[in-house]
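Q: File work35.cif below, mmCIF, C-alpha atoms:
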```cif
data_start
#
loop_
_atom_site.label_atom_id
_atom_site.label_comp_id
_atom_site.auth_asym_id
_atom_site.auth_seq_id
_atom_site.Cartn_x
_atom_site.Cartn_y
_atom_site.Cartn_z
CA MET M 19 86.75 97.88 34.17
CA SER M 20 84.09 95.38 33.12
CA ILE M 21 81.07 93.62 34.61
CA ILE M 22 80.47 89.91 33.96
CA ILE M 23 76.88 88.83 33.29
CA LYS M 24 75.68 85.24 32.89
CA VAL M 25 74.51 84.40 29.37
CA GLU M 26 70.89 83.48 30.18
CA VAL M 27 70.53 86.55 32.42
CA LEU M 28 71.79 88.79 29.62
CA LYS M 29 69.49 87.15 27.05
CA ALA M 30 66.42 87.60 29.24
CA TYR M 31 67.42 91.18 30.04
CA LEU M 32 67.86 92.19 26.39
CA GLU M 33 64.70 90.36 25.39
CA GLU M 34 62.69 92.44 27.85
CA MET M 35 64.46 95.60 26.70
CA TYR M 36 63.62 94.98 23.04
CA GLN M 37 60.03 94.13 23.94
CA LYS M 38 59.63 97.24 26.09
CA ALA M 39 61.02 99.31 23.20
CA GLY M 40 58.24 98.06 20.95
CA LEU M 41 59.15 94.71 19.35
CA SER M 42 56.90 91.67 19.57
CA ALA M 43 57.87 88.96 22.05
CA GLU M 44 59.17 86.66 19.29
CA ASP M 45 61.11 89.41 17.51
CA ALA M 46 62.61 90.52 20.82
CA ARG M 47 63.71 86.94 21.49
CA ILE M 48 65.43 86.71 18.09
CA CYS M 49 67.22 90.05 18.47
CA SER M 50 68.40 89.20 21.99
CA ALA M 51 69.65 85.76 20.91
CA TYR M 52 71.53 87.13 17.89
CA MET M 53 73.08 89.95 19.89
CA VAL M 54 74.29 87.66 22.68
CA GLN M 55 75.53 85.04 20.19
CA THR M 56 77.79 87.69 18.68
CA ASN M 57 79.33 88.36 22.09
CA LEU M 58 79.65 84.65 22.77
CA TRP M 59 81.82 84.39 19.65
CA GLY M 60 84.00 87.17 21.06
CA ILE M 61 82.88 89.71 18.44
CA ASP M 62 82.15 92.32 21.12
CA SER M 63 82.25 95.19 18.62
CA HIS M 64 78.97 94.02 17.06
CA GLY M 65 77.09 92.58 20.03
CA VAL M 66 75.57 94.17 23.13
CA LEU M 67 77.65 97.29 22.46
CA ARG M 68 75.06 98.16 19.79
CA ALA M 69 72.01 97.75 22.05
CA PRO M 70 71.73 101.44 23.13
CA ILE M 71 71.62 102.80 19.57
CA TYR M 72 69.31 100.02 18.32
CA ILE M 73 66.88 100.67 21.20
CA GLN M 74 67.03 104.42 20.62
CA ARG M 75 66.18 103.98 16.95
CA ILE M 76 63.32 101.56 17.69
CA ARG M 77 61.85 104.03 20.18
CA ASN M 78 62.21 106.79 17.60
CA LYS M 79 60.36 104.56 15.07
CA VAL M 80 63.30 104.93 12.67
CA ILE M 81 63.56 101.17 13.00
CA ASN M 82 60.08 99.85 12.28
CA PRO M 83 58.98 97.73 15.28
CA GLU M 84 56.32 95.94 13.20
CA PRO M 85 57.88 95.54 9.73
CA ASP M 86 56.31 93.82 6.74
CA ILE M 87 59.44 92.10 5.39
CA ARG M 88 58.49 90.76 1.97
CA VAL M 89 59.81 89.55 -1.38
CA ILE M 90 59.19 92.20 -4.04
CA LYS M 91 60.87 90.49 -6.97
CA GLY M 92 61.71 86.91 -7.97
CA GLU M 93 59.66 85.07 -5.34
CA GLY M 94 60.10 81.31 -5.70
CA THR M 95 63.19 81.70 -7.90
CA PRO M 96 66.90 81.36 -7.02
CA MET M 97 67.28 85.16 -7.15
CA MET M 98 65.08 87.29 -4.93
CA LEU M 99 64.86 90.93 -3.84
CA MET M 100 63.25 91.74 -0.49
CA ASP M 101 62.07 94.99 1.08
CA ALA M 102 62.81 95.02 4.81
CA ASP M 103 60.32 97.82 5.54
CA ALA M 104 62.87 99.55 7.81
CA SER M 105 63.16 96.44 9.99
CA ILE M 106 65.95 95.98 12.49
CA GLY M 107 68.64 94.19 10.50
CA TYR M 108 68.53 91.01 12.62
CA LEU M 109 64.98 90.20 11.51
CA ALA M 110 65.57 91.07 7.86
CA GLY M 111 68.79 89.06 7.77
CA LYS M 112 67.25 86.00 9.41
CA LYS M 113 64.23 85.93 7.09
CA ALA M 114 66.33 86.55 3.98
CA MET M 115 68.86 83.83 4.79
CA GLU M 116 66.11 81.35 5.63
CA GLN M 117 64.57 81.96 2.20
CA THR M 118 67.98 81.72 0.54
CA ILE M 119 68.66 78.36 2.18
CA GLU M 120 65.31 77.06 0.95
CA GLY M 121 66.15 78.31 -2.54
CA ALA M 122 69.51 76.54 -2.49
CA LYS M 123 67.84 73.28 -1.44
CA LYS M 124 65.72 73.49 -4.59
CA TYR M 125 68.10 75.02 -7.12
CA GLY M 126 71.60 74.27 -5.77
CA PHE M 127 72.39 77.97 -5.47
CA ALA M 128 70.33 80.94 -4.35
CA VAL M 129 70.93 84.60 -3.61
CA THR M 130 68.71 87.15 -1.90
CA TRP M 131 69.17 90.90 -1.85
CA VAL M 132 67.53 93.08 0.81
CA LYS M 133 66.89 96.80 0.60
CA ASN M 134 65.46 99.34 3.06
CA SER M 135 66.98 97.67 6.11
CA ASN M 136 69.13 98.69 9.07
CA HIS M 137 72.39 97.61 10.71
CA PHE M 138 72.26 93.80 11.00
CA GLY M 139 74.96 93.20 13.60
CA GLY M 140 77.64 90.64 12.79
CA ALA M 141 77.54 89.38 9.20
CA GLY M 142 78.70 85.96 10.41
CA LEU M 143 75.32 85.33 12.04
CA TYR M 144 73.72 84.74 8.65
CA ALA M 145 76.54 82.92 6.87
CA ALA M 146 76.63 80.56 9.86
CA MET M 147 72.96 79.70 9.29
CA ALA M 148 73.87 78.20 5.92
CA ALA M 149 76.72 76.17 7.39
CA GLN M 150 74.39 74.84 10.08
CA ALA M 151 72.11 73.69 7.24
CA GLY M 152 75.03 71.82 5.63
CA MET M 153 75.66 74.44 2.96
CA LEU M 154 78.12 77.22 2.14
CA GLY M 155 76.99 80.71 3.08
CA ILE M 156 77.91 84.27 2.15
CA SER M 157 76.57 87.45 3.70
CA THR M 158 77.47 91.08 3.22
CA THR M 159 76.02 94.57 3.54
CA ASN M 160 76.83 98.15 2.71
CA VAL M 161 77.35 100.74 5.42
CA ILE M 162 78.02 104.46 5.57
CA PRO M 163 81.36 105.67 4.16
CA ASN M 164 83.89 105.35 6.96
CA ILE M 165 87.11 104.18 5.28
CA GLY M 166 89.48 106.06 3.02
CA MET M 167 92.98 106.05 1.65
CA PRO M 168 95.76 108.29 2.99
CA GLY M 169 95.19 111.66 1.35
CA ASN M 170 91.37 111.48 1.44
CA LEU M 171 89.83 114.30 3.46
CA ARG M 172 86.58 112.42 3.91
CA PRO M 173 85.63 108.72 4.05
CA LEU M 174 85.30 107.25 0.58
CA THR M 175 83.27 104.07 1.11
CA GLY M 176 82.08 101.79 3.93
CA ASN M 177 84.03 99.13 5.78
CA ASN M 178 81.49 96.78 4.26
CA PRO M 179 81.75 93.36 5.95
CA LEU M 180 82.00 89.99 4.25
CA ALA M 181 81.18 86.72 6.03
CA LEU M 182 81.87 83.27 4.59
CA ALA M 183 80.89 79.96 6.19
CA ALA M 184 81.08 76.23 5.41
CA PRO M 185 80.06 73.13 7.39
CA LEU M 186 82.75 71.05 9.11
CA SER M 187 82.63 67.77 11.00
CA GLU M 188 84.04 69.61 14.01
CA PRO M 189 82.38 71.23 17.03
CA TYR M 190 82.64 74.43 14.97
CA ASP M 191 82.05 75.39 11.34
CA PHE M 192 84.36 77.37 9.09
CA MET M 193 83.35 81.00 9.57
CA LEU M 194 85.24 84.05 8.45
CA ASP M 195 83.69 87.42 9.27
CA ILE M 196 85.79 90.41 8.23
CA SER M 197 85.27 94.06 7.46
CA MET M 198 87.11 95.92 4.73
CA SER M 199 88.76 98.27 7.19
CA ALA M 200 91.92 97.40 9.12
CA VAL M 201 89.51 96.78 12.01
CA ALA M 202 85.75 97.17 12.39
CA GLY M 203 84.53 100.57 13.54
CA GLY M 204 82.95 98.85 16.52
CA LYS M 205 86.43 98.07 17.83
CA LEU M 206 87.09 101.80 18.08
CA LEU M 207 83.81 102.22 19.95
CA LEU M 208 84.83 99.40 22.28
CA ALA M 209 88.25 100.97 22.85
CA ALA M 210 86.54 104.26 23.66
CA GLU M 211 84.22 102.49 26.14
CA LYS M 212 87.31 101.02 27.82
CA ASN M 213 89.32 104.28 27.64
CA GLU M 214 92.02 102.53 25.60
CA LYS M 215 94.34 103.82 22.86
CA ILE M 216 94.33 102.31 19.36
CA PRO M 217 97.18 101.59 16.91
CA THR M 218 97.80 104.49 14.54
CA THR M 219 97.32 102.10 11.60
CA TRP M 220 93.60 101.82 12.34
CA ALA M 221 92.26 105.29 11.55
CA MET M 222 92.85 108.94 10.65
CA THR M 223 91.38 112.14 12.08
CA LYS M 224 89.05 114.37 10.05
CA GLU M 225 92.18 116.24 9.01
CA GLY M 226 93.72 113.07 7.55
CA GLU M 227 96.26 112.60 10.35
CA PRO M 228 97.05 109.23 12.01
CA THR M 229 95.63 108.96 15.55
CA ASP M 230 95.70 106.67 18.58
CA ASP M 231 92.48 108.23 19.95
CA PRO M 232 89.50 105.92 19.17
CA THR M 233 86.98 108.76 19.45
CA LEU M 234 88.85 110.96 16.96
CA GLY M 235 89.41 107.96 14.71
CA PHE M 236 85.74 106.96 14.72
CA ALA M 237 84.74 110.56 13.94
CA GLY M 238 87.34 110.62 11.16
CA THR M 239 88.24 107.89 8.67
CA LEU M 240 89.10 104.22 9.11
CA LEU M 241 91.98 102.85 7.05
CA PRO M 242 91.28 99.87 4.75
CA MET M 243 92.77 96.42 5.27
CA GLY M 244 95.54 95.79 2.78
CA MET M 245 95.07 99.39 1.61
CA HIS M 246 93.98 99.22 -2.08
CA LYS M 247 92.80 95.60 -1.69
CA GLY M 248 90.32 96.36 1.08
CA MET M 249 89.29 99.57 -0.64
CA GLY M 250 88.54 97.80 -3.92
CA LEU M 251 86.56 95.04 -2.23
CA SER M 252 84.56 97.59 -0.27
CA MET M 253 83.68 99.51 -3.43
CA PHE M 254 82.48 96.32 -5.13
CA ILE M 255 80.30 95.32 -2.16
CA ASP M 256 78.64 98.74 -2.30
CA ILE M 257 77.92 98.20 -6.00
CA LEU M 258 76.62 94.67 -5.32
CA THR M 259 74.29 95.83 -2.55
CA GLY M 260 73.34 99.51 -2.64
CA VAL M 261 73.68 100.26 -6.35
CA LEU M 262 72.18 97.00 -7.61
CA THR M 263 69.13 96.96 -5.30
CA GLY M 264 68.14 100.55 -6.05
CA GLY M 265 68.96 101.51 -2.46
CA PRO M 266 71.22 104.34 -1.31
CA PHE M 267 74.99 104.02 -1.54
CA LEU M 268 78.15 105.87 -0.51
CA GLN M 269 77.34 109.31 0.96
CA ASP M 270 73.57 108.80 0.50
CA LEU M 271 73.57 106.30 3.37
CA SER M 272 72.83 107.66 6.87
CA SER M 273 74.88 106.92 9.99
CA MET M 274 72.84 105.47 12.85
CA TYR M 275 75.16 107.28 15.28
CA LYS M 276 75.47 110.66 13.59
CA SER M 277 71.85 110.67 12.35
CA PRO M 278 69.92 108.52 14.85
CA ASP M 279 66.58 109.95 13.69
CA ASP M 280 67.13 109.19 9.99
CA PRO M 281 66.44 105.89 8.19
CA SER M 282 69.57 103.93 7.28
CA GLN M 283 68.05 102.17 4.23
CA THR M 284 70.91 99.68 4.29
CA SER M 285 71.14 96.93 1.65
CA HIS M 286 72.28 93.34 2.27
CA LEU M 287 73.15 90.28 0.20
CA PHE M 288 72.88 86.62 1.20
CA ALA M 289 74.03 83.72 -0.95
CA VAL M 290 74.00 79.96 -0.38
CA VAL M 291 75.65 77.09 -2.28
CA ASN M 292 74.28 73.57 -1.79
CA PRO M 293 77.02 70.89 -2.02
CA ASP M 294 74.38 68.40 -3.18
CA PHE M 295 74.46 70.11 -6.58
CA PHE M 296 78.05 68.89 -7.02
CA MET M 297 78.11 65.64 -5.02
CA GLY M 298 76.22 63.84 -2.31
CA SER M 299 76.36 65.41 1.14
CA ALA M 300 78.25 62.38 2.49
CA VAL M 301 80.97 62.78 -0.16
CA PHE M 302 81.28 66.48 0.55
CA LYS M 303 81.48 65.79 4.28
CA ASP M 304 84.31 63.31 3.74
CA ARG M 305 86.19 65.72 1.50
CA MET M 306 85.87 68.45 4.12
CA LYS M 307 87.27 66.08 6.76
CA THR M 308 90.30 65.57 4.50
CA TRP M 309 90.59 69.33 4.01
CA VAL M 310 90.59 69.96 7.77
CA LYS M 311 93.16 67.19 8.33
CA MET M 312 95.50 68.74 5.75
CA ILE M 313 95.16 72.17 7.36
CA LYS M 314 95.81 70.77 10.84
CA GLU M 315 98.91 68.90 9.63
CA THR M 316 100.62 72.14 8.61
CA PRO M 317 104.12 72.12 10.19
CA MET M 318 104.59 74.84 12.82
CA ALA M 319 107.87 76.63 13.59
CA ASP M 320 107.66 75.99 17.34
CA GLY M 321 106.79 72.33 16.82
CA LYS M 322 103.91 72.65 19.28
CA GLY M 323 101.15 74.83 17.87
CA VAL M 324 98.37 73.76 15.53
CA GLN M 325 97.05 75.85 12.67
CA LEU M 326 93.65 77.31 13.50
CA ILE M 327 90.71 77.43 11.10
CA PRO M 328 88.38 80.46 10.89
CA GLY M 329 85.56 79.84 13.34
CA GLU M 330 87.70 77.87 15.80
CA LEU M 331 88.59 80.84 18.00
CA GLU M 332 84.95 81.91 18.01
CA TYR M 333 83.95 78.44 19.18
CA GLN M 334 86.56 78.48 21.95
CA SER M 335 85.30 81.90 23.06
CA MET M 336 81.71 80.62 23.07
CA VAL M 337 82.60 77.66 25.29
CA ARG M 338 84.40 79.92 27.80
CA ARG M 339 81.71 82.55 27.91
CA GLN M 340 78.84 80.09 28.18
CA GLU M 341 80.49 78.86 31.36
CA ASN M 342 81.89 82.09 32.78
CA GLY M 343 79.55 84.76 31.44
CA ILE M 344 80.01 87.76 29.15
CA ASP M 345 82.02 90.74 30.32
CA LEU M 346 80.63 94.15 29.36
CA PRO M 347 82.43 97.49 29.76
CA GLU M 348 81.21 99.36 32.85
CA LYS M 349 80.39 102.40 30.71
CA LEU M 350 78.10 100.27 28.51
CA VAL M 351 76.38 98.78 31.55
CA ASP M 352 75.75 102.31 32.83
CA GLU M 353 74.10 103.18 29.49
CA LEU M 354 71.93 100.08 29.65
CA ARG M 355 70.88 100.91 33.21
CA VAL M 356 69.67 104.34 32.10
CA ILE M 357 67.59 102.68 29.36
CA GLN M 358 66.17 100.06 31.74
CA CYS M 359 64.93 102.86 34.00
CA GLU M 360 63.44 104.81 31.09
CA LEU M 361 61.60 101.71 29.89
CA GLY M 362 60.45 100.65 33.35
CA MET M 363 61.99 97.20 33.02
CA ALA M 364 61.43 94.53 35.65
CA LEU M 365 64.85 92.94 35.05
CA LYS M 366 67.96 94.82 36.19
CA ILE M 367 71.69 94.41 35.73
#
```
Spell out the structure here as structure tokens.

A:
Amino acid sequence: MSIIIKVEVLKAYLEEMYQKAGLSAEDARICSAYMVQTNLWGIDSHGVLRAPIYIQRIRNKVINPEPDIRVIKGEGTPMMLMDADASIGYLAGKKAMEQTIEGAKKYGFAVTWVKNSNHFGGAGLYAAMAAQAGMLGISTTNVIPNIGMPGNLRPLTGNNPLALAAPLSEPYDFMLDISMSAVAGGKLLLAAEKNEKIPTTWAMTKEGEPTDDPTLGFAGTLLPMGMHKGMGLSMFIDILTGVLTGGPFLQDLSSMYKSPDDPSQTSHLFAVVNPDFFMGSAVFKDRMKTWVKMIKETPMADGKGVQLIPGELEYQSMVRRQENGIDLPEKLVDELRVIQCELGMALKI
């Protein structure tokens, strides 16, 4: 069972919750907006579902409510390293991508690494920022080991997400946001909230056995997408983020669920390519229109359907939910209501 909440009501509610937990008014507004945007896109596994654990960690001061997010190497160059000062990932990701976009405007390409951060929600949030600026965006992060191959008795590496975005002359931009597991871990959490079973191809128990129980699967090991392909990509992302920044990697990372009182020290990467380096923006825009047209002209077996482009379904979801509201699992709403009472919030759901 779910409860539908209007978008602006949910934004205001979460904004007050973040502020009551200790964030500034502006930071609370950003976190609320990013969280709700993720649900608007239909990526429920990385939206409001994460609010209880984020709030708990802010209240525990594991997430720094007043971080000094700063460049510690390469300031003013196309390659920068930032220290997030244990910030909530939303704020670190936003600031890093903004700086990366500015770097790409100047140099044609820019990349920013971030260390000492926390879970940043949906990776697509940041890649989309580049597309909205007329550029191509990439965002990724390392997370705790939670995927493994059949035969592994413990998770080997994280289901490290990868988001790619490009501007289109459509109501939506190209945006692909995928994790390296068969599905994101948040989808198991969502299934558990809804008391639903999962396919046995999604995860294994701690004993290495296939399972349709999302709780046992989340406590065990997720299976990688494409098996060795997803596993190899995940390993490389961990090298590119955790190893390269000097941050923790693999088993040295802490789970925000299993260790809610320990710092995550997550590392992120954001990259932006400016089409102006190759051609004028008008030429690129025209070429992208041709690209979309060719994709849409793909013959379909039923003679009726039209090939979708990554980002199109998310746009359609956003249009529906902006009009109808966002449905949240009843169990999640109950959790939020407990927090609203603990924080003495004026707004209720």

Q: Using all atoms listed in the file, what does the table of segment 36-144 of chain M residues within 8 Å of segment 341-364 of chain M look like, with each row giving the shortest atom pair and its distance in Å to one decimal, sorted by chain and ascending number, as a tab-separated table?

A:
```
residue	atom	partner	partner_atom	distance
M:Lys38	CA	M:Leu361	CA	6.2
M:Ala39	CA	M:Leu361	CA	7.1
M:Asn57	CA	M:Ile344	CA	7.1
M:Leu58	CA	M:Ile344	CA	7.1
M:Leu67	CA	M:Leu350	CA	6.8
M:Ala69	CA	M:Leu354	CA	7.9
M:Pro70	CA	M:Leu354	CA	6.7
```

Q: Leaving out Gly264 of chain M and any residue of its chain fewer than 2 positions from it, which residues lie within 12 Å of it when counting all atoms listed in the file, given as number ranges by chain?

A: M: 99-101, 131-134, 256-262, 266-267, 270, 283-286

Q: Between atom CA of Thr223 of chain M and atom CA of Ile61 of chain M, measure the distance and give it in Å to one decimal.

A: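 Distance between the two atoms: 24.8 Å.
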
Q: Please provide as a PyMOL selection string all residues within 12 Å of Met245 of chain M, with the sequence filter that same-chain residues fewer than 2 positions apart are discarded (counting only C-alpha atoms).

A: chain M and resi 165-168+177+198-200+219-221+240-243+247-252

Q: Measure the distance from atom CA of Tyr144 of chain M to atom CA of Ile73 of chain M in Å and round it to one decimal.

A: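 Pair atom CA of Tyr144 of chain M / atom CA of Ile73 of chain M returns 21.4 Å.
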
Q: Which value, in Å to one decimal, gives the distance between atom CA of Ile21 of chain M and atom CA of Asn213 of chain M?

A: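 Computed distance, atom CA of Ile21 of chain M to atom CA of Asn213 of chain M, equals 15.2 Å.
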
Q: So, with only C-alpha atoms as the atoms that count, which of M:Ser42, M:Thr56, M:Ser273, M:Ser187 lies closest to Arg339 of chain M?

A: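 Once distances to Arg339 of chain M are computed over only C-alpha atoms, the minimum belongs to M:Thr56.
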
Q: Measuring atom to atom with only C-alpha atoms, identify which of M:Glu116, M:Val290, M:Val337, M:Glu330 is nearest to Tyr190 of chain M.

A: M:Glu330

Q: When you count all atoms listed in the file, which of these residues is closest to Met336 of chain M: M:Pro293, M:Pro189, M:Pro83, M:Pro232?

A: M:Pro189

Q: Given the PyMOL selection byres ((chain M and resi 104) around 12) and the file above, list the residues it selects as a count of residues only.

A: 35

Q: To test your reading of the syntax: which residues would the PyMOL selection byres ((chain M and resi 151-156) around 9) return for the file shown? Reply as a PyMOL selection string.

A: chain M and resi 115+119+122+141-142+144-150+157-158+180-186+287-294+299+303

Q: For Ser50 of chain M, find every residue with an atom within 10 Å (counting only C-alpha atoms), except residues of its own chain fewer than 5 positions away, and show them as a list in words.

A: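 The filter keeps Leu28, Lys29, Ala30, Tyr31, Leu32, Glu33, Glu34, Met35, Tyr36, Gln37, Glu44, Asp45, Gln55, Gly65, Val66, Ala69 and Tyr108 of chain M.
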
Q: Name the closest residue to Arg77 of chain M among the candidates M:Glu211, M:Asp279, M:Asp62, M:Asp195; distances are taken between atoms, counting only C-alpha atoms.

A: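 For Arg77 of chain M, the nearest of the given residues is M:Asp279.
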
Q: Between M:Ser20, M:Asp304, M:Ile367, M:Glu188, single out the one closest to Tyr333 of chain M, counting all atoms listed in the file.

A: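 Closest residue, counting all atoms listed in the file: M:Glu188.
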
Q: Using only C-alpha atoms for the distances, tell me which of M:Gly92, M:Gly238, M:Gly60, M:Pro317 is nearest to Asn170 of chain M.

A: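 Of M:Gly92, M:Gly238, M:Gly60, M:Pro317, the one nearest Asn170 of chain M, counting only C-alpha atoms, is M:Gly238.
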
Q: Leaving out Thr316 of chain M and any residue of its chain fewer than 4 positions from it, which residues lie within 8 Å of it when counting only C-alpha atoms, given as a list in words?

A: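 Near neighbours after the sequence-gap exclusion: Met312, Val324 and Gln325 of chain M.
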
Q: Using the chain letters and numbers from this file, what does the PyMOL selection byres ((chain M and resi 171) around 8) select? Give the answer as a ChimeraX atom specification.

A: /M:169-170,172-173,224-226
